[in-house]
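A.B. asks: Sharing work06.csv, CSV, C-alpha atoms and all ligand atoms:
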```csv
chain,number,residue,atom,x,y,z
A,1,MET,CA,-69.6,1.6,60.4
A,2,ARG,CA,-71.1,-1.8,59.8
A,3,ASN,CA,-74.9,-2.1,59.7
A,4,TRP,CA,-75.0,-4.4,62.7
A,5,GLU,CA,-73.5,-1.6,64.8
A,6,ASN,CA,-76.8,0.2,64.6
A,7,ASN,CA,-78.4,-2.3,67.0
A,8,ILE,CA,-75.9,-2.5,69.7
A,9,ARG,CA,-76.6,-1.5,73.3
A,10,ARG,CA,-73.8,1.0,73.9
A,11,VAL,CA,-72.7,1.8,77.4
A,12,CYS,CA,-69.9,3.6,79.1
A,13,PRO,CA,-69.0,1.0,81.8
A,14,TYR,CA,-68.4,1.5,85.5
A,15,VAL,CA,-64.7,1.6,86.3
A,16,PRO,CA,-63.7,-0.3,89.4
A,17,GLY,CA,-60.7,0.6,91.5
A,18,GLU,CA,-57.4,-0.8,90.4
A,19,GLN,CA,-56.5,-4.3,91.5
A,20,PRO,CA,-52.7,-4.3,91.2
A,21,LYS,CA,-50.8,-7.6,90.6
A,22,ASP,CA,-47.9,-6.5,92.7
A,23,ARG,CA,-48.2,-7.8,96.3
A,24,GLY,CA,-46.0,-5.1,97.8
A,25,ILE,CA,-48.7,-2.4,97.5
A,26,ILE,CA,-50.5,-0.8,100.4
A,27,LYS,CA,-54.0,-1.0,99.0
A,28,LEU,CA,-56.3,1.7,100.3
A,29,ASN,CA,-58.2,2.2,97.1
A,30,THR,CA,-61.3,-0.1,97.0
A,31,ASN,CA,-62.6,-0.2,100.6
A,32,GLU,CA,-61.7,-3.8,101.2
A,33,ASN,CA,-61.3,-5.0,104.8
A,34,PRO,CA,-57.7,-5.3,105.8
A,35,TYR,CA,-58.5,-8.3,108.1
A,36,PRO,CA,-59.0,-11.9,107.0
A,37,PRO,CA,-62.5,-13.5,106.9
A,38,ALA,CA,-63.8,-15.4,109.9
A,39,LYS,CA,-62.0,-18.6,110.8
A,40,GLY,CA,-65.0,-20.9,110.1
A,41,ILE,CA,-64.6,-19.9,106.4
A,42,MET,CA,-61.2,-21.5,106.2
A,43,LYS,CA,-62.6,-24.7,107.6
A,44,ALA,CA,-65.6,-24.6,105.2
A,45,LEU,CA,-63.1,-24.2,102.3
A,46,MET,CA,-61.0,-27.2,103.5
A,47,ASP,CA,-64.1,-29.4,104.2
A,48,TYR,CA,-65.8,-28.6,100.9
A,49,ASN,CA,-66.4,-31.8,98.8
A,50,ALA,CA,-65.3,-31.0,95.3
A,51,ASP,CA,-67.8,-33.6,94.1
A,52,ASN,CA,-70.5,-31.1,94.9
A,53,LEU,CA,-69.3,-29.1,91.9
A,54,ARG,CA,-70.9,-31.7,89.6
A,55,LEU,CA,-74.3,-30.5,90.7
A,56,TYR,CA,-76.0,-27.2,90.2
A,57,PRO,CA,-76.1,-25.1,93.4
A,58,ASP,CA,-79.3,-24.4,95.3
A,59,PRO,CA,-80.8,-21.6,93.1
A,60,SER,CA,-82.6,-20.1,96.1
A,61,SER,CA,-79.5,-20.1,98.4
A,62,TYR,CA,-82.0,-21.4,101.0
A,63,GLU,CA,-79.6,-21.9,103.9
A,64,LEU,CA,-77.8,-18.6,103.4
A,65,VAL,CA,-81.1,-16.8,103.2
A,66,LYS,CA,-82.3,-18.5,106.4
A,67,ALA,CA,-79.1,-17.6,108.3
A,68,LEU,CA,-79.5,-13.9,107.2
A,69,ALA,CA,-83.2,-13.9,108.1
A,70,GLU,CA,-82.4,-15.1,111.6
A,71,ARG,CA,-79.6,-12.6,112.0
A,72,TYR,CA,-81.7,-9.6,110.9
A,73,GLY,CA,-85.0,-10.7,112.6
A,74,VAL,CA,-87.0,-11.0,109.4
A,75,LYS,CA,-88.7,-13.9,107.5
A,76,SER,CA,-86.7,-15.8,104.9
A,77,SER,CA,-89.2,-14.5,102.3
A,78,GLN,CA,-87.9,-11.0,103.0
A,79,ILE,CA,-84.3,-11.8,101.9
A,80,PHE,CA,-82.9,-11.8,98.4
A,81,VAL,CA,-79.2,-12.8,97.9
A,82,GLY,CA,-77.0,-12.0,95.0
A,83,VAL,CA,-73.5,-12.1,93.7
A,84,GLY,CA,-72.3,-9.0,95.5
A,85,SER,CA,-74.5,-6.1,96.2
A,86,ASP,CA,-73.7,-4.9,92.7
A,87,ASP,CA,-75.7,-7.8,91.4
A,88,VAL,CA,-78.5,-7.2,93.9
A,89,ILE,CA,-78.8,-3.5,93.0
A,90,SER,CA,-78.6,-4.2,89.3
A,91,MET,CA,-81.5,-6.7,89.6
A,92,ALA,CA,-83.4,-4.2,91.8
A,93,PHE,CA,-83.0,-1.4,89.1
A,94,MET,CA,-84.3,-3.8,86.5
A,95,THR,CA,-87.2,-4.9,88.7
A,96,PHE,CA,-88.4,-1.7,90.4
A,97,PHE,CA,-87.3,1.3,88.2
A,98,ASN,CA,-89.7,1.0,85.2
A,99,SER,CA,-91.4,4.3,85.3
A,100,ASP,CA,-91.3,7.0,82.6
A,101,LYS,CA,-90.5,9.5,85.4
A,102,PRO,CA,-86.8,9.8,86.3
A,103,ILE,CA,-85.3,8.0,89.3
A,104,ILE,CA,-83.3,10.2,91.6
A,105,PHE,CA,-80.0,10.0,93.4
A,106,PRO,CA,-77.4,12.4,94.7
A,107,ASP,CA,-74.9,14.1,92.3
A,108,ILE,CA,-72.0,12.7,94.3
A,109,THR,CA,-72.6,9.0,95.0
A,110,TYR,CA,-71.7,5.5,94.0
A,111,SER,CA,-70.7,5.8,90.4
A,112,PHE,CA,-72.5,2.6,89.3
A,113,TYR,CA,-76.0,4.1,89.7
A,114,ASP,CA,-75.9,6.1,86.5
A,115,VAL,CA,-74.3,3.2,84.6
A,116,TRP,CA,-77.2,0.9,85.5
A,117,ALA,CA,-79.7,3.6,84.7
A,118,GLU,CA,-78.0,3.9,81.2
A,119,VAL,CA,-77.7,0.2,80.5
A,120,TYR,CA,-81.4,-0.4,81.5
A,121,LYS,CA,-82.5,2.8,79.8
A,122,ILE,CA,-84.0,4.2,83.0
A,123,PRO,CA,-84.4,8.0,83.0
A,124,TYR,CA,-82.6,9.6,85.9
A,125,GLU,CA,-81.9,12.9,87.6
A,126,THR,CA,-79.3,13.8,90.2
A,127,LYS,CA,-79.8,16.1,93.2
A,128,PRO,CA,-76.9,18.1,94.5
A,129,LEU,CA,-75.5,17.3,97.9
A,130,ASP,CA,-75.1,20.5,100.0
A,131,GLU,CA,-71.6,22.0,100.6
A,132,ASN,CA,-71.1,19.6,103.5
A,133,PHE,CA,-72.0,16.7,101.2
A,134,LYS,CA,-75.3,16.1,103.0
A,135,ILE,CA,-78.6,15.2,101.3
A,136,ASN,CA,-81.2,17.9,101.2
A,137,GLU,CA,-84.3,15.8,101.8
A,138,ASN,CA,-86.5,18.5,100.2
A,139,ASP,CA,-84.9,17.5,96.8
A,140,TYR,CA,-86.5,14.1,97.2
A,141,LEU,CA,-90.1,15.3,97.7
A,142,CYS,CA,-90.7,15.8,93.9
A,143,ASP,CA,-92.5,13.5,91.5
A,144,ASN,CA,-90.1,10.6,90.6
A,145,GLY,CA,-89.8,7.1,89.3
A,146,GLY,CA,-87.8,5.8,92.3
A,147,ILE,CA,-85.0,6.7,94.7
A,148,ILE,CA,-81.6,5.3,95.6
A,149,PHE,CA,-78.8,6.5,97.8
A,150,PRO,CA,-76.1,4.9,99.9
A,151,ASN,CA,-76.1,5.4,103.6
A,152,PRO,CA,-73.3,6.2,104.6
A,153,ASN,CA,-72.8,7.7,101.2
A,154,ALA,CA,-69.9,6.8,98.9
A,155,PRO,CA,-67.3,8.2,98.3
A,156,THR,CA,-68.0,10.8,101.0
A,157,GLY,CA,-68.5,8.5,104.0
A,158,VAL,CA,-71.3,10.9,105.2
A,159,TYR,CA,-74.1,9.3,107.2
A,160,GLU,CA,-77.7,10.5,107.3
A,161,ASP,CA,-79.8,9.8,110.3
A,162,LEU,CA,-83.0,7.7,110.1
A,163,ASP,CA,-85.3,10.7,110.6
A,164,LYS,CA,-84.2,12.2,107.3
A,165,ILE,CA,-84.6,8.8,105.5
A,166,GLU,CA,-88.0,8.4,107.1
A,167,LYS,CA,-89.0,11.8,105.8
A,168,ILE,CA,-88.0,10.7,102.3
A,169,LEU,CA,-89.9,7.4,102.7
A,170,LYS,CA,-93.0,9.2,103.9
A,171,ALA,CA,-93.1,11.5,101.0
A,172,ASN,CA,-92.6,8.7,98.4
A,173,PRO,CA,-95.2,6.0,99.1
A,174,ASP,CA,-95.7,5.3,95.4
A,175,VAL,CA,-92.2,4.4,94.4
A,176,ILE,CA,-89.5,2.1,95.6
A,177,VAL,CA,-86.9,3.7,97.8
A,178,MET,CA,-83.6,1.8,98.0
A,179,VAL,CA,-81.0,2.4,100.7
A,180,ASP,CA,-77.6,1.0,99.8
A,181,GLU,CA,-76.1,0.1,103.2
A,182,ALA,CA,-72.7,-1.2,101.9
A,183,TYR,CA,-70.9,0.6,104.8
A,184,ILE,CA,-73.5,0.6,107.5
A,185,ASP,CA,-71.6,-1.7,109.8
A,186,PHE,CA,-68.9,0.9,110.4
A,187,GLY,CA,-71.0,3.0,112.8
A,188,GLY,CA,-74.4,3.9,111.4
A,189,ALA,CA,-77.9,2.7,112.3
A,190,SER,CA,-79.4,0.5,109.6
A,191,CYS,CA,-82.9,1.3,108.4
A,192,ILE,CA,-84.0,-2.3,108.4
A,193,PRO,CA,-86.3,-1.5,111.4
A,194,LEU,CA,-88.2,0.9,109.1
A,195,LEU,CA,-89.3,-2.0,107.0
A,196,LYS,CA,-92.1,-2.6,109.5
A,197,LYS,CA,-93.6,0.8,108.6
A,198,TYR,CA,-92.7,1.1,104.9
A,199,ASP,CA,-93.5,-1.6,102.3
A,200,ASN,CA,-91.7,0.4,99.5
A,201,LEU,CA,-88.3,0.3,101.2
A,202,LEU,CA,-85.5,-2.0,100.0
A,203,VAL,CA,-82.4,-2.2,102.1
A,204,ILE,CA,-79.2,-3.5,100.4
A,205,GLN,CA,-76.1,-4.7,102.2
A,206,THR,CA,-72.9,-6.6,101.3
A,207,PHE,CA,-70.4,-9.1,102.8
A,208,SER,CA,-67.6,-7.3,100.9
A,209,LYS,CA,-66.7,-4.7,103.5
A,210,SER,CA,-67.5,-5.5,107.2
A,211,ARG,CA,-67.4,-9.3,106.6
A,212,SER,CA,-64.0,-9.3,104.7
A,213,LEU,CA,-65.5,-11.2,101.7
A,214,ALA,CA,-65.1,-8.9,98.7
A,215,GLY,CA,-63.6,-11.8,96.7
A,216,ALA,CA,-66.5,-14.2,97.5
A,217,ARG,CA,-69.2,-11.9,96.0
A,218,ILE,CA,-72.2,-11.9,98.4
A,219,GLY,CA,-74.8,-9.2,98.7
A,220,PHE,CA,-78.4,-9.2,99.9
A,221,ALA,CA,-81.5,-7.1,100.0
A,222,VAL,CA,-84.1,-7.0,102.8
A,223,GLY,CA,-87.6,-5.9,102.0
A,224,ASN,CA,-91.2,-6.8,102.3
A,225,GLU,CA,-92.2,-10.2,100.9
A,226,ARG,CA,-93.8,-8.9,97.8
A,227,LEU,CA,-90.8,-6.8,96.8
A,228,ILE,CA,-88.5,-9.9,97.3
A,229,LYS,CA,-90.9,-12.1,95.3
A,230,PHE,CA,-90.7,-9.5,92.4
A,231,LEU,CA,-86.9,-9.5,92.6
A,232,ASN,CA,-86.7,-13.3,92.6
A,233,ASP,CA,-89.1,-13.4,89.6
A,234,VAL,CA,-86.7,-11.2,87.6
A,235,LYS,CA,-83.6,-13.0,88.8
A,236,PHE,CA,-85.1,-16.4,87.8
A,237,SER,CA,-85.9,-14.8,84.4
A,238,VAL,CA,-82.2,-13.9,83.8
A,239,ASN,CA,-80.0,-16.5,85.5
A,240,SER,CA,-81.2,-19.0,88.1
A,241,TYR,CA,-77.8,-20.3,89.4
A,242,THR,CA,-76.1,-17.1,90.2
A,243,MET,CA,-74.4,-18.0,93.5
A,244,ASN,CA,-72.2,-21.1,93.5
A,245,SER,CA,-72.5,-23.7,96.3
A,246,LEU,CA,-69.1,-23.0,97.8
A,247,THR,CA,-69.9,-19.3,98.1
A,248,GLN,CA,-73.2,-20.1,99.8
A,249,LYS,CA,-71.3,-22.2,102.4
A,250,ILE,CA,-68.8,-19.4,103.0
A,251,GLY,CA,-71.7,-16.9,103.4
A,252,ILE,CA,-73.3,-19.0,106.1
A,253,GLU,CA,-70.1,-19.3,108.1
A,254,ALA,CA,-69.6,-15.5,107.9
A,255,VAL,CA,-73.1,-14.9,109.3
A,256,LYS,CA,-72.5,-17.4,112.1
A,257,ASP,CA,-69.5,-15.7,113.4
A,258,GLU,CA,-71.1,-12.4,114.5
A,259,ARG,CA,-68.5,-11.9,117.2
A,260,TYR,CA,-65.5,-11.9,114.8
A,261,TYR,CA,-67.0,-9.4,112.4
A,262,LYS,CA,-68.0,-7.1,115.2
A,263,GLU,CA,-64.4,-7.3,116.5
A,264,THR,CA,-62.8,-6.4,113.2
A,265,THR,CA,-65.3,-3.6,112.3
A,266,ASN,CA,-64.6,-2.2,115.8
A,267,ARG,CA,-60.8,-2.3,115.1
A,268,ILE,CA,-61.4,-0.5,111.8
A,269,ILE,CA,-63.6,2.1,113.5
A,270,LYS,CA,-60.8,2.7,116.1
A,271,THR,CA,-58.2,3.1,113.3
A,272,ARG,CA,-60.5,5.4,111.4
A,273,GLU,CA,-60.9,7.7,114.4
A,274,ARG,CA,-57.1,7.8,114.9
A,275,ALA,CA,-56.7,8.5,111.2
A,276,LYS,CA,-59.1,11.4,111.4
A,277,LYS,CA,-57.0,13.1,114.1
A,278,LYS,CA,-53.8,12.4,112.2
A,279,LEU,CA,-55.2,13.8,108.9
A,280,ILE,CA,-56.4,16.9,110.7
A,281,LYS,CA,-52.9,17.4,112.1
A,282,LEU,CA,-51.5,17.1,108.5
A,283,GLY,CA,-53.9,19.9,107.4
A,284,PHE,CA,-56.5,17.7,105.6
A,285,GLU,CA,-60.1,18.6,105.5
A,286,PHE,CA,-62.9,16.0,105.2
A,287,PRO,CA,-66.6,15.5,106.0
A,288,ASP,CA,-67.1,13.2,109.1
A,289,SER,CA,-67.0,9.6,108.0
A,290,LYS,CA,-69.0,6.7,109.4
A,291,SER,CA,-67.6,4.2,106.8
A,292,ASN,CA,-64.3,2.4,106.3
A,293,PHE,CA,-62.9,5.3,104.3
A,294,ILE,CA,-62.2,9.0,104.6
A,295,PHE,CA,-62.8,11.5,101.8
A,296,ALA,CA,-60.1,14.1,102.3
A,297,SER,CA,-58.8,17.2,100.6
A,298,HIS,CA,-55.7,19.3,101.4
A,299,PRO,CA,-55.8,23.1,100.9
A,300,ASN,CA,-52.1,23.3,99.9
A,301,LYS,CA,-51.7,20.5,97.5
A,302,PRO,CA,-54.0,19.2,94.7
A,303,ALA,CA,-55.4,15.8,95.4
A,304,SER,CA,-54.3,14.6,91.9
A,305,GLU,CA,-50.6,15.3,92.9
A,306,ILE,CA,-50.9,13.6,96.3
A,307,PHE,CA,-52.6,10.6,94.5
A,308,TYR,CA,-49.7,10.4,92.1
A,309,GLU,CA,-47.0,10.8,94.8
A,310,LEU,CA,-48.6,8.1,96.9
A,311,LYS,CA,-48.7,5.8,94.0
A,312,MET,CA,-45.0,6.3,93.4
A,313,ARG,CA,-44.5,5.1,97.0
A,314,LYS,CA,-46.7,2.1,96.3
A,315,ILE,CA,-49.6,3.4,98.3
A,316,TYR,CA,-52.9,3.3,96.3
A,317,VAL,CA,-55.9,5.4,97.2
A,318,ARG,CA,-58.8,6.4,95.0
A,319,TYR,CA,-59.1,9.7,93.0
A,320,TRP,CA,-61.8,10.8,90.6
A,321,ASP,CA,-61.3,13.6,88.1
A,322,LYS,CA,-65.0,14.6,88.4
A,323,PRO,CA,-66.8,17.9,89.1
A,324,ARG,CA,-67.0,18.9,92.8
A,325,ILE,CA,-64.8,16.0,93.9
A,326,ASN,CA,-61.6,16.4,91.8
A,327,ASN,CA,-59.7,17.7,94.8
A,328,TYR,CA,-60.5,14.8,97.1
A,329,LEU,CA,-58.9,11.5,97.8
A,330,ARG,CA,-60.8,8.5,99.1
A,331,ILE,CA,-58.6,6.7,101.6
A,332,THR,CA,-59.7,3.2,102.7
A,333,ILE,CA,-58.9,2.5,106.4
A,334,GLY,CA,-56.3,-0.3,106.5
A,335,THR,CA,-54.5,-1.8,109.4
A,336,ASP,CA,-52.8,0.5,111.9
A,337,GLU,CA,-49.4,-0.3,110.3
A,338,GLU,CA,-50.6,0.5,106.8
A,339,MET,CA,-52.1,3.8,108.0
A,340,ASN,CA,-48.8,4.7,109.7
A,341,MET,CA,-47.0,4.2,106.4
A,342,LEU,CA,-49.6,6.3,104.7
A,343,PHE,CA,-49.2,9.1,107.3
A,344,GLU,CA,-45.4,9.0,106.9
A,345,ALA,CA,-45.7,9.2,103.1
A,346,LEU,CA,-48.2,12.1,103.4
A,347,GLU,CA,-45.9,14.0,105.7
A,348,GLU,CA,-43.0,13.7,103.2
A,349,ILE,CA,-45.2,14.6,100.3
A,350,LEU,CA,-46.7,17.7,102.0
A,351,LYS,CA,-43.2,19.0,103.0
A,352,LYS,CA,-42.1,19.1,99.3
B,1,LIG,N1,-72.6,0.1,97.0
B,1,LIG,C1,-71.7,0.9,97.3
B,1,LIG,C2,-72.0,2.3,97.8
B,1,LIG,C3,-70.3,0.5,97.1
B,1,LIG,O1,-69.3,1.4,97.4
B,1,LIG,C4,-70.0,-0.8,96.7
B,1,LIG,C5,-68.6,-1.2,96.5
B,1,LIG,N2,-68.0,-0.9,95.3
B,1,LIG,C6,-71.1,-1.6,96.3
B,1,LIG,C7,-72.4,-1.2,96.5
B,1,LIG,C8,-70.9,-3.0,95.7
B,1,LIG,O2,-70.2,-3.8,96.6
B,1,LIG,P1,-70.2,-5.4,96.3
B,1,LIG,O3,-70.7,-5.7,94.9
B,1,LIG,O4,-68.8,-5.8,96.5
B,1,LIG,O5,-71.2,-6.0,97.4
```
Output the file's structure as structure tokens, nothing else.
Ligand code: PMP
C.D. replies:
Amino acid sequence: MRNWENNIRRVCPYVPGEQPKDRGIIKLNTNENPYPPAKGIMKALMDYNADNLRLYPDPSSYELVKALAERYGVKSSQIFVGVGSDDVISMAFMTFFNSDKPIIFPDITYSFYDVWAEVYKIPYETKPLDENFKINENDYLCDNGGIIFPNPNAPTGVYEDLDKIEKILKANPDVIVMVDEAYIDFGGASCIPLLKKYDNLLVIQTFSKSRSLAGARIGFAVGNERLIKFLNDVKFSVNSYTMNSLTQKIGIEAVKDERYYKETTNRIIKTRERAKKKLIKLGFEFPDSKSNFIFASHPNKPASEIFYELKMRKIYVRYWDKPRINNYLRITIGTDEEMNMLFEALEEILKK
């Protein structure tokens, strides 16, 4: 080992779902939206003046922040935007989780949380979800350095109602509680209204799922003005120009077209409900999902085998070889046609 290796920040990175180069794949592995982004986005791309690229973008993303503030009925000073919600959450970890006490999150959850905790050297503890993958709110009443969980949770799709979240908020007035609402538009109620009562709540959302813009990288946080100011102070101490000017324009167009995104999320919800019935018929078991994916297990065939067999048929879903979830597949809801092909393949695989 060379001496300089003693001073390296060593981390075990987050592993995102596979992005295959082959176009012929039915891609149900990264919770992307199967429908295209809103029409106004195409126009914004065509109308974009390339000369703008000479200039630095607006570091505050003023227009996008304003559009979001209007959409969610809050002040502009209550919105922070970032390059995907991963960027927003990462900044929020750096800004708000600086206690010697451990932050807490569920044992089965978004697998980036422990990676950020490791990279920023934040102590953390996980609390086990119950046998139905639900949060036990009593686990979150202990002394801690902060709290984060997604609602609905990932990869389970399980939604917790606002009463439970409020109980957690009430019990933790001295730390920041972050609710990661990446999948909230697929049927749950956002806890943004709770911001009126709790100044320690930070709600994080993304354009990657319901707004079909995973490739554009836009995420945002809503919180009280002081939290957002602290977040901006940290962001401007790391990198001022995070979101490029074209992406800011795309984001504004997406927010404008509320009708389109409601229409596509409703289509996905309909397909999801149909998929639930079909999967039950095929013998799968799963917790109820309020997201754009279903976390399913089959009593007669190991998930790892189904995963492999689907992959052979060019259908990609997500599988983790991790304790408690190594017999589950996370299946993103695609178009009706894609789901029909999945069901056909599953029927064939389960007959074997
Ligand atoms: N939170 C959760 C729970 C997620 O599943 C994801 C998607 N991987 C994200 C945040 C990040 O999404 P993005 O960076 O695309 O906004």
A.B. asks: Within 6 Å of ligand LIG 1 (chain B) (counting all atoms listed in the file), which residues show up? I'd like them as a VMD selection string.
C.D. replies: chain A and resid 84 to 86 110 150 154 180 182 206 208 214 219
A.B. asks: Can you tell me how far atom CA of A:Ser237 sits from atom CA of A:Gly215, in Å to one decimal?
C.D. replies: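 Going from atom CA of A:Ser237 over to atom CA of A:Gly215 covers 25.6 Å.
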A.B. asks: Quick one: residues within 7 Å of A:Ala303, only C-alpha atoms, excluding same-chain residues fewer than 3 positions away - as a ChimeraX atom specification?
C.D. replies: /A:297-298,306-307,327-329
A.B. asks: Those residues you just picked out, can you put them in a file as a PDB file, keeping the file's coordinate frame with C-alpha atoms?
C.D. replies:
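Final output, saved to out-v7.pdb:
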```pdb
ATOM      1  CA  SER A 297     -58.800  17.200 100.600  1.00  0.00           C
ATOM      2  CA  HIS A 298     -55.700  19.300 101.400  1.00  0.00           C
ATOM      3  CA  ILE A 306     -50.900  13.600  96.300  1.00  0.00           C
ATOM      4  CA  PHE A 307     -52.600  10.600  94.500  1.00  0.00           C
ATOM      5  CA  ASN A 327     -59.700  17.700  94.800  1.00  0.00           C
ATOM      6  CA  TYR A 328     -60.500  14.800  97.100  1.00  0.00           C
ATOM      7  CA  LEU A 329     -58.900  11.500  97.800  1.00  0.00           C
TER       8      LEU A 329
END
```
A.B. asks: Please provide the set of residues having any atom within 12 Å of A:Tyr308, restricted to only C-alpha atoms, with same-chain residues fewer than 4 positions apart removed, written as a list in words.
C.D. replies: Lys301, Pro302, Ala303, Ser304, Met312, Arg313, Lys314, Ile315, Tyr316, Val317, Arg318, Tyr319, Leu329, Ala345, Leu346 and Ile349 of chain A
A.B. asks: Keeping only C-alpha atoms, write the selected residues as an mmCIF file, keeping the file's coordinate frame.
C.D. replies:
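Contents of the output file again-v2.cif:
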```cif
data_model
loop_
_atom_site.group_PDB
_atom_site.id
_atom_site.type_symbol
_atom_site.label_atom_id
_atom_site.label_comp_id
_atom_site.auth_asym_id
_atom_site.auth_seq_id
_atom_site.Cartn_x
_atom_site.Cartn_y
_atom_site.Cartn_z
ATOM 1 C CA LYS A 301 -51.700 20.500 97.500
ATOM 2 C CA PRO A 302 -54.000 19.200 94.700
ATOM 3 C CA ALA A 303 -55.400 15.800 95.400
ATOM 4 C CA SER A 304 -54.300 14.600 91.900
ATOM 5 C CA MET A 312 -45.000 6.300 93.400
ATOM 6 C CA ARG A 313 -44.500 5.100 97.000
ATOM 7 C CA LYS A 314 -46.700 2.100 96.300
ATOM 8 C CA ILE A 315 -49.600 3.400 98.300
ATOM 9 C CA TYR A 316 -52.900 3.300 96.300
ATOM 10 C CA VAL A 317 -55.900 5.400 97.200
ATOM 11 C CA ARG A 318 -58.800 6.400 95.000
ATOM 12 C CA TYR A 319 -59.100 9.700 93.000
ATOM 13 C CA LEU A 329 -58.900 11.500 97.800
ATOM 14 C CA ALA A 345 -45.700 9.200 103.100
ATOM 15 C CA LEU A 346 -48.200 12.100 103.400
ATOM 16 C CA ILE A 349 -45.200 14.600 100.300
#
```
A.B. asks: Could you tell me how far atom CA of A:Lys164 lies from atom CA of A:Leu195, in Å and to one decimal?
C.D. replies: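 Computing it gives 15.1 Å between the two atoms.
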A.B. asks: Between A:Val115, A:Val175, A:Val222, A:Val234, which one has atoms that come closest to A:Cys12, using all atoms listed in the file?
C.D. replies: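 The shortest atom-to-atom distance to A:Cys12 comes from A:Val115.
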A.B. asks: Hey, can you check how far atom CA of A:Ser289 sits from atom CA of A:Thr156?
C.D. replies: 7.2 Å
A.B. asks: Which residue out of A:Ala296, A:Ile135, A:Leu213, A:Leu342 has the minimum interatomic distance to A:Asn31 when all atoms listed in the file are used?
C.D. replies: A:Leu213
A.B. asks: Excluding stretch 139-142 of chain A and its own-chain neighbours fewer than 2 positions away, which residues fall within 12 Å of it when counting only C-alpha atoms? Please give them as number ranges by chain.
C.D. replies: A: 101-107, 125-130, 134-137, 144-149, 164-175, 177
A.B. asks: Suppose we keep C-alpha atoms; can you now write the selection as an mmCIF file, keeping the file's coordinate frame?
C.D. replies:
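Full text of result_18.cif as output:
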```
data_model
loop_
_atom_site.group_PDB
_atom_site.id
_atom_site.type_symbol
_atom_site.label_atom_id
_atom_site.label_comp_id
_atom_site.auth_asym_id
_atom_site.auth_seq_id
_atom_site.Cartn_x
_atom_site.Cartn_y
_atom_site.Cartn_z
ATOM 1 C CA LYS A 101 -90.500 9.500 85.400
ATOM 2 C CA PRO A 102 -86.800 9.800 86.300
ATOM 3 C CA ILE A 103 -85.300 8.000 89.300
ATOM 4 C CA ILE A 104 -83.300 10.200 91.600
ATOM 5 C CA PHE A 105 -80.000 10.000 93.400
ATOM 6 C CA PRO A 106 -77.400 12.400 94.700
ATOM 7 C CA ASP A 107 -74.900 14.100 92.300
ATOM 8 C CA GLU A 125 -81.900 12.900 87.600
ATOM 9 C CA THR A 126 -79.300 13.800 90.200
ATOM 10 C CA LYS A 127 -79.800 16.100 93.200
ATOM 11 C CA PRO A 128 -76.900 18.100 94.500
ATOM 12 C CA LEU A 129 -75.500 17.300 97.900
ATOM 13 C CA ASP A 130 -75.100 20.500 100.000
ATOM 14 C CA LYS A 134 -75.300 16.100 103.000
ATOM 15 C CA ILE A 135 -78.600 15.200 101.300
ATOM 16 C CA ASN A 136 -81.200 17.900 101.200
ATOM 17 C CA GLU A 137 -84.300 15.800 101.800
ATOM 18 C CA ASN A 144 -90.100 10.600 90.600
ATOM 19 C CA GLY A 145 -89.800 7.100 89.300
ATOM 20 C CA GLY A 146 -87.800 5.800 92.300
ATOM 21 C CA ILE A 147 -85.000 6.700 94.700
ATOM 22 C CA ILE A 148 -81.600 5.300 95.600
ATOM 23 C CA PHE A 149 -78.800 6.500 97.800
ATOM 24 C CA LYS A 164 -84.200 12.200 107.300
ATOM 25 C CA ILE A 165 -84.600 8.800 105.500
ATOM 26 C CA GLU A 166 -88.000 8.400 107.100
ATOM 27 C CA LYS A 167 -89.000 11.800 105.800
ATOM 28 C CA ILE A 168 -88.000 10.700 102.300
ATOM 29 C CA LEU A 169 -89.900 7.400 102.700
ATOM 30 C CA LYS A 170 -93.000 9.200 103.900
ATOM 31 C CA ALA A 171 -93.100 11.500 101.000
ATOM 32 C CA ASN A 172 -92.600 8.700 98.400
ATOM 33 C CA PRO A 173 -95.200 6.000 99.100
ATOM 34 C CA ASP A 174 -95.700 5.300 95.400
ATOM 35 C CA VAL A 175 -92.200 4.400 94.400
ATOM 36 C CA VAL A 177 -86.900 3.700 97.800
#
```
A.B. asks: Calculated over all atoms listed in the file, which of the candidates A:Tyr120, A:Phe80, A:Phe93, A:Phe284 has the smallest distance to A:Ala221?
C.D. replies: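 Smallest separation from A:Ala221 among the options: A:Phe80.
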A.B. asks: Leaving out stretch 239-245 of chain A and any residue of its chain fewer than 5 positions from it, which residues lie within 7 Å of it when counting all atoms listed in the file, given as a count of residues only?
C.D. replies: 5
A.B. asks: Counting only C-alpha atoms, which of A:Thr30, A:Asn6, A:Asn224, A:Asn340 gets nearest to A:Val74?
C.D. replies: A:Asn224
A.B. asks: Which neighbours of stretch 47-50 of chain A fall inside 12 Å, counting all atoms listed in the file, when residues of the same chain fewer than 3 positions from it are skipped, and could you give them as a ChimeraX atom specification?
C.D. replies: /A:40-44,53-55,245-250
A.B. asks: For a quick check of understanding, using all atoms listed in the file, which of A:Pro287, A:Ser60, A:Glu131, A:Ala67 has the smallest distance to A:Lys229?
C.D. replies: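 Among the listed residues, the smallest separation from A:Lys229 belongs to A:Ser60.
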A.B. asks: Could you give me, as a list in words, the residues that have an atom at most 9 Å away from the point (-70.8, 2.2, 89.8) in the coordinates of the file, using all atoms listed in the file?
C.D. replies: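 Those within range, by chain then number, are Pro13, Tyr14, Val15, Pro16, Asp86, Thr109, Tyr110, Ser111, Phe112, Tyr113, Asp114, Val115 and Trp116 of chain A.
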A.B. asks: So which one's closest to A:Glu118, A:Val11, A:Val203, A:Val158, A:Met339? Using all atoms listed in the file, please.
C.D. replies: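 Selected residue with least distance to A:Glu118: A:Val11.
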